[in-house]
Amino acid sequence: MAALDLAFSPAQGGSTWLAAQAVGALLDEVRLTPKPGLVDRRGRGAHTDLDLDLMCRSARALTPAFAEMAEAACAAGAPTLALRESLGRLGREAEAAMMKATQGINTHRGAIWAMGLLVAGAAMDLEAASPARTARLAATIAQLPDRHAPRVTGNKGERACRDFGVAGARGQAQAGFPQVIERGLPELQRSRSRGDSETASRLNALLAILSGLDDTCVLSRAGPAALRALQDDAAAVLAGGGVASLTGRRLLHQLDARALALNASPGGAADLLAATLFLDRLDLRVRRPSLF
């Protein structure tokens, strides 16, 4: 990761910087290749309505919303009901901006929820914004009610939570993003420490998340049996040495083929990988302030 991507100056402002890091993490996620069943540099994955250019355009359209979320959280200084409702309003406005940029295609609805909360958590005290602290603050915000939120949205993720009895993106946030803190970040750091490339390390982080996540995108598209198969395959890649190993690459190819055959795209895991990469950027700033 280049220092230029993380450069921060007081004149730029913390909110602008956080928005740039959030969007940068979303772009890093979508460009990461090869991802099983997901849009990447190779193509559409299991999707027919998404592609790389559309995903990048969608991510960039979210920049103003993330900056506004950071500003709101910085002004609040602590998780409050008023902040929760402000973030809810800004999140719904971000969805509208996304839909305008994509001509009505949902590209980042789950990511807006997760990333918006994490941006807000970080903005409350940017100098001390470690991954664990940021996730805890985000969880506290997520646990608060939003009186203005629609009771029923009809979104696929919401239906999957109801139909399959899983917590979904809301539950992940309210629990402090355990798949990120306990799986994604540790695997990212473990892979780097043993000398894997940055691409391999990020792919391993994605697989670690997928192996333990009740991914509502997979559930809504292909059902629980498909989710269990993808979870098992992801765990097998890691057990085989990760994607930097010959065995791991072969197993990753098999996982990708299975995802395509099942028409299953682990979009929830992709959103949490983006969250992982965002928190990793914060962690680097806290641990290596001389870069900034």
# chains A, B, ... in the order shown; residues from 1 in each chain; ligands from 1
$ residues_around --residues "A:Thr107" --least-positions-apart "4" --cutoff "9 Å" --atoms "only C-alpha atoms" --output "JSON, numbers by chain"
{"A": [50, 54, 55, 58, 59, 98, 99, 102, 111]}
$ closest_atom_pairs --of "stretch 184-226 of chain A" --to "stretch 258-280 of chain A" --cutoff "9 Å" --atoms "only C-alpha atoms" --output "Markdown table"
| residue | atom | partner | partner_atom | distance |
| --- | --- | --- | --- | --- |
| A:Gly184 | CA | A:Thr276 | CA | 6.1 |
| A:Leu185 | CA | A:Thr276 | CA | 5.9 |
| A:Leu188 | CA | A:Thr276 | CA | 8.6 |
| A:Arg202 | CA | A:Leu273 | CA | 7.9 |
| A:Leu203 | CA | A:Leu273 | CA | 8.9 |
| A:Ala205 | CA | A:Leu273 | CA | 7.0 |
| A:Leu206 | CA | A:Leu273 | CA | 5.6 |
| A:Leu207 | CA | A:Ala269 | CA | 8.2 |
| A:Ile209 | CA | A:Ala269 | CA | 5.9 |
| A:Leu210 | CA | A:Ala269 | CA | 5.4 |
| A:Leu213 | CA | A:Ala269 | CA | 7.0 |
| A:Asp214 | CA | A:Gly268 | CA | 8.4 |
| A:Asp215 | CA | A:Gly268 | CA | 5.2 |
| A:Thr216 | CA | A:Gly268 | CA | 6.5 |
| A:Cys217 | CA | A:Gly267 | CA | 5.5 |
| A:Val218 | CA | A:Ala264 | CA | 5.2 |
| A:Leu219 | CA | A:Ala264 | CA | 8.2 |
| A:Ser220 | CA | A:Ala264 | CA | 8.8 |
| A:Arg221 | CA | A:Ala264 | CA | 5.9 |
| A:Ala222 | CA | A:Ala264 | CA | 5.8 |
| A:Gly223 | CA | A:Ala264 | CA | 8.9 |
| A:Ala226 | CA | A:Leu262 | CA | 6.9 |
$ select_by_dssp --residues "stretch 52-215 of chain A" --states "alpha helix (DSSP H)" --output "MDAnalysis selection string"
chainID A and resid 52:61 63:76 81:102 109:123 131:142 156:164 168:174 178 185:193 198:212
$ write_last_selection --atoms "C-alpha atoms" --output "compact mmCIF listing (two decimals), in the first residue's frame"
# COMPACT_ATOMS: atom_id res chain seq x y z
CA LEU A 52 -16.08 -3.24 -12.59
CA ASP A 53 -16.70 0.22 -14.04
CA LEU A 54 -20.17 0.39 -12.48
CA MET A 55 -18.85 -0.66 -9.06
CA CYS A 56 -16.06 1.93 -9.20
CA ARG A 57 -18.47 4.66 -10.26
CA SER A 58 -20.78 3.72 -7.40
CA ALA A 59 -17.96 3.79 -4.83
CA ARG A 60 -16.79 7.23 -5.91
CA ALA A 61 -20.34 8.59 -5.74
CA THR A 63 -17.45 10.19 -1.18
CA PRO A 64 -19.60 13.21 -0.15
CA ALA A 65 -21.86 11.06 2.04
CA PHE A 66 -18.97 9.49 3.94
CA ALA A 67 -17.46 12.95 4.51
CA GLU A 68 -20.79 14.21 5.88
CA MET A 69 -21.07 11.16 8.16
CA ALA A 70 -17.59 11.82 9.50
CA GLU A 71 -18.42 15.49 10.09
CA ALA A 72 -21.61 14.58 11.94
CA ALA A 73 -19.78 12.11 14.19
CA CYS A 74 -16.93 14.52 14.87
CA ALA A 75 -19.43 17.21 15.89
CA ALA A 76 -21.34 14.78 18.13
CA LEU A 81 -29.49 8.99 19.41
CA ALA A 82 -29.29 12.22 17.43
CA LEU A 83 -26.11 11.03 15.72
CA ARG A 84 -27.69 7.65 14.93
CA GLU A 85 -30.61 9.36 13.27
CA SER A 86 -28.35 11.76 11.37
CA LEU A 87 -26.32 8.84 10.07
CA GLY A 88 -29.51 7.03 9.09
CA ARG A 89 -30.64 10.04 7.07
CA LEU A 90 -27.22 10.43 5.45
CA GLY A 91 -27.15 6.71 4.68
CA ARG A 92 -30.48 6.90 2.91
CA GLU A 93 -29.21 9.90 0.95
CA ALA A 94 -26.10 7.90 0.08
CA GLU A 95 -28.30 5.09 -1.23
CA ALA A 96 -30.09 7.59 -3.44
CA ALA A 97 -26.75 8.87 -4.75
CA MET A 98 -25.67 5.30 -5.42
CA MET A 99 -28.86 4.52 -7.30
CA LYS A 100 -28.48 7.68 -9.38
CA ALA A 101 -24.89 6.77 -10.27
CA THR A 102 -25.83 3.20 -11.21
CA ARG A 109 -26.17 -0.84 0.01
CA GLY A 110 -24.55 -3.12 2.60
CA ALA A 111 -21.24 -1.31 2.33
CA ILE A 112 -22.91 2.06 2.99
CA TRP A 113 -24.25 0.70 6.29
CA ALA A 114 -20.99 -0.89 7.43
CA MET A 115 -18.59 1.74 6.16
CA GLY A 116 -20.73 4.64 7.30
CA LEU A 117 -20.76 3.36 10.87
CA LEU A 118 -17.01 2.74 10.85
CA VAL A 119 -16.28 6.16 9.38
CA ALA A 120 -18.39 7.68 12.16
CA GLY A 121 -16.63 5.61 14.82
CA ALA A 122 -13.24 6.71 13.55
CA ALA A 123 -14.22 10.37 13.26
CA PRO A 131 -9.60 -0.96 14.55
CA ALA A 132 -10.95 -2.36 17.82
CA ARG A 133 -11.95 1.03 19.22
CA THR A 134 -13.52 2.12 15.94
CA ALA A 135 -15.53 -1.11 15.72
CA ARG A 136 -16.74 -0.73 19.31
CA LEU A 137 -17.93 2.82 18.72
CA ALA A 138 -19.62 1.77 15.48
CA ALA A 139 -21.40 -1.02 17.35
CA THR A 140 -22.66 1.39 20.00
CA ILE A 141 -24.10 3.63 17.29
CA ALA A 142 -25.67 0.66 15.46
CA LYS A 156 -32.96 -8.92 -0.32
CA GLY A 157 -30.73 -8.87 2.74
CA GLU A 158 -33.67 -8.06 5.01
CA ARG A 159 -35.70 -10.90 3.50
CA ALA A 160 -32.82 -13.35 3.88
CA CYS A 161 -32.50 -12.47 7.57
CA ARG A 162 -36.19 -13.16 8.05
CA ASP A 163 -36.35 -16.32 5.93
CA PHE A 164 -33.17 -17.97 7.23
CA GLY A 168 -27.19 -10.07 8.58
CA ALA A 169 -25.37 -6.77 8.20
CA ARG A 170 -27.26 -5.18 11.07
CA GLY A 171 -26.27 -7.95 13.45
CA GLN A 172 -22.62 -7.78 12.36
CA ALA A 173 -22.51 -4.06 13.09
CA GLN A 174 -24.31 -4.31 16.41
CA PRO A 178 -16.65 -9.81 14.65
CA LEU A 185 -7.88 -8.41 10.00
CA PRO A 186 -5.99 -11.26 11.73
CA GLU A 187 -5.80 -13.23 8.47
CA LEU A 188 -4.67 -10.16 6.54
CA GLN A 189 -1.88 -9.55 9.05
CA ARG A 190 -0.96 -13.24 9.33
CA SER A 191 -0.65 -13.61 5.56
CA ARG A 192 1.50 -10.50 5.27
CA SER A 193 3.75 -11.62 8.12
CA GLU A 198 -0.69 -7.98 -0.77
CA THR A 199 -3.14 -9.49 -3.26
CA ALA A 200 -2.84 -12.94 -1.69
CA SER A 201 -3.16 -11.48 1.81
CA ARG A 202 -6.36 -9.63 0.91
CA LEU A 203 -7.83 -12.68 -0.79
CA ASN A 204 -7.05 -14.77 2.29
CA ALA A 205 -8.79 -12.15 4.43
CA LEU A 206 -11.87 -12.40 2.19
CA LEU A 207 -11.86 -16.18 2.52
CA ALA A 208 -11.49 -16.00 6.30
CA ILE A 209 -14.56 -13.76 6.45
CA LEU A 210 -16.55 -15.93 4.04
CA SER A 211 -15.72 -19.11 5.97
CA GLY A 212 -17.61 -17.86 9.04
